[in-house]
Amino acid sequence: MNNLMLFAVFSILATSVIPFASAVQLDATILSNQDTTKPEFQFLRIMYIEYPDGGQLAELLQGVSQKITFQANMDTLGIAELKAQLNENLKSHSSDTRVTDLKVEYQAILQGNEKRAVMEYKIELIPTISNHVI
């Protein structure tokens with residue numbers, strides 16, 4: 001099994017059965033004289049896979065160190081639908097604010113040692129919004 005496939009299998013497994021820690025952060029600088037702004041929404045999840053007694057899982061993950069990053073924009077499948085859903089949500093709250101562009105950045109890291117593996121992934125959502133009110 002190649003490393004990328006191993007990483008994908010553990011990503012799916014870990015998101016459903018392994019204890020984790022997660023956080024969300026919002027950073028935005030909104031200037032009153034600007035027509036648009038680009039806030040950054042960061043979602044971080046860290047999962048720990050313990051294998052103190054060794055075994056096949058320990059053999060697969062010991063010494064593994066992988067990092068995957070990619071970006072998605074309006075040309076990427078699904079991003080236009082996400083933008084539409086965000087705008088629909090804003091509209092349902094009687095807001096005139098609209099998302100005019102959207103970028104998503106994804107980063108995942110898998111690191112394994114002799115006792116456990118740590119999987120961390122971060123998703124950053126960067127919309128361009130207009131008609132915002134301060």
# chains A, B, ... in the order shown; residues from 1 in each chain; ligands from 1
call {"tool": "residues_around", "arguments": {"residues": "Ile30 (chain A)", "least_positions_apart": "6", "cutoff": "10 Å", "atoms": "only C-alpha atoms", "output": "count of residues only"}}
result
7
call {"tool": "select_by_dssp", "arguments": {"residues": "region 23-108 of chain A", "states": "helix (DSSP H, G or I)", "output": "PyMOL selection string"}}
result
chain A and resi 56-61+79-92
call {"tool": "residues_around", "arguments": {"residues": "Gln71 (chain A)", "least_positions_apart": "3", "cutoff": "8 Å", "atoms": "only C-alpha atoms", "output": "NGL selection string"}}
result
:A and (103-106)
call {"tool": "write_last_selection", "arguments": {"atoms": "N, CA and C atoms", "output": "JSON list (two decimals), in the first residue's frame"}}
result
[["chain", "number", "residue", "atom", "x", "y", "z"],
["A", 103, "LYS", "N", -12.16, 30.81, -1.58],
["A", 103, "LYS", "CA", -10.96, 29.98, -1.70],
["A", 103, "LYS", "C", -10.90, 29.09, -0.46],
["A", 104, "VAL", "N", -10.51, 27.85, -0.64],
["A", 104, "VAL", "CA", -10.34, 26.90, 0.47],
["A", 104, "VAL", "C", -8.93, 26.35, 0.41],
["A", 105, "GLU", "N", -8.24, 26.39, 1.56],
["A", 105, "GLU", "CA", -6.90, 25.81, 1.66],
["A", 105, "GLU", "C", -6.96, 24.64, 2.64],
["A", 106, "TYR", "N", -6.33, 23.54, 2.27],
["A", 106, "TYR", "CA", -6.36, 22.32, 3.08],
["A", 106, "TYR", "C", -4.93, 21.86, 3.35]]
call {"tool": "closest_residue", "arguments": {"among": "A:Asn33, A:Ile68, A:Ile109, A:Ile79", "to": "Ile46 (chain A)", "atoms": "only C-alpha atoms"}}
result
A:Ile109
call {"tool": "closest_residue", "arguments": {"among": "A:Arg116, A:Arg45, A:Lys83, A:Arg98", "to": "Ala58 (chain A)", "atoms": "only C-alpha atoms"}}
result
A:Arg116
call {"tool": "closest_residue", "arguments": {"among": "A:Ala117, A:Ala84, A:Ile129, A:Val64", "to": "Pro52 (chain A)", "atoms": "only C-alpha atoms"}}
result
A:Ala117
call {"tool": "residues_around", "arguments": {"residues": "Glu124 (chain A)", "least_positions_apart": "2", "cutoff": "10 Å", "atoms": "only C-alpha atoms", "output": "ChimeraX atom specification"}}
result
/A:24-26,40-44,71,103-107,122,126-127
call {"tool": "residues_around", "arguments": {"residues": "Ser65 (chain A)", "least_positions_apart": "6", "cutoff": "7 Å", "atoms": "only C-alpha atoms", "output": "number ranges by chain"}}
result
A: 110-112
call {"tool": "write_last_selection", "arguments": {"atoms": "C-alpha atoms", "output": "compact mmCIF listing (two decimals), in the first residue's frame"}}
result
# COMPACT_ATOMS: atom_id res chain seq x y z
CA LEU A 110 0.55 12.55 9.63
CA GLN A 111 3.45 11.79 11.99
CA GLY A 112 4.05 8.40 13.58
call {"tool": "closest_residue", "arguments": {"among": "A:Met119, A:Glu114, A:Met74, A:Leu86", "to": "Met47 (chain A)", "atoms": "only C-alpha atoms"}}
result
A:Met119
call {"tool": "select_by_dssp", "arguments": {"residues": "region 67-133 of chain A", "states": "strand (DSSP E or B)", "output": "CSV table (one decimal) with C-alpha atoms, in the first residue's frame"}}
result
chain,number,residue,atom,x,y,z
A,67,LYS,CA,2.2,16.4,4.6
A,68,ILE,CA,-0.5,17.1,2.0
A,69,THR,CA,-1.6,20.6,1.0
A,70,PHE,CA,-3.8,21.9,-1.7
A,71,GLN,CA,-6.0,24.9,-2.6
A,72,ALA,CA,-9.4,25.0,-4.1
A,98,ARG,CA,-22.8,38.4,-0.1
A,99,VAL,CA,-19.9,36.0,-0.8
A,100,THR,CA,-18.5,37.0,-4.2
A,101,ASP,CA,-15.5,34.7,-4.3
A,102,LEU,CA,-14.3,31.8,-2.3
A,103,LYS,CA,-11.0,30.0,-1.7
A,104,VAL,CA,-10.3,26.9,0.5
A,105,GLU,CA,-6.9,25.8,1.7
A,106,TYR,CA,-6.4,22.3,3.1
A,107,GLN,CA,-3.4,20.9,5.0
A,108,ALA,CA,-3.0,17.5,6.5
A,109,ILE,CA,0.0,16.1,8.5
A,110,LEU,CA,0.5,12.6,9.6
A,111,GLN,CA,3.4,11.8,12.0
A,112,GLY,CA,4.1,8.4,13.6
A,116,ARG,CA,1.4,6.7,18.7
A,117,ALA,CA,0.6,8.6,15.5
A,118,VAL,CA,-0.7,12.2,15.3
A,119,MET,CA,-2.9,13.3,12.4
A,120,GLU,CA,-3.6,17.0,12.1
A,121,TYR,CA,-5.7,18.7,9.5
A,122,LYS,CA,-6.5,22.3,8.9
A,123,ILE,CA,-9.1,23.7,6.6
A,124,GLU,CA,-9.0,27.5,5.9
A,125,LEU,CA,-12.1,29.1,4.3
A,126,ILE,CA,-11.3,32.5,2.7
A,127,PRO,CA,-14.4,34.2,1.3
A,128,THR,CA,-14.5,37.6,-0.4
A,129,ILE,CA,-17.5,39.3,1.0
A,130,SER,CA,-19.3,42.5,-0.1
call {"tool": "atom_distance", "arguments": {"atom1": "CA of Asp96 (chain A)", "atom2": "CA of Leu31 (chain A)"}}
result
17.2 Å
call {"tool": "closest_residue", "arguments": {"among": "A:Ser95, A:Thr29, A:Asn113, A:Thr76", "to": "Tyr51 (chain A)", "atoms": "only C-alpha atoms"}}
result
A:Asn113
call {"tool": "atom_distance", "arguments": {"atom1": "CA of Thr97 (chain A)", "atom2": "CA of Asp75 (chain A)"}}
result
22.3 Å
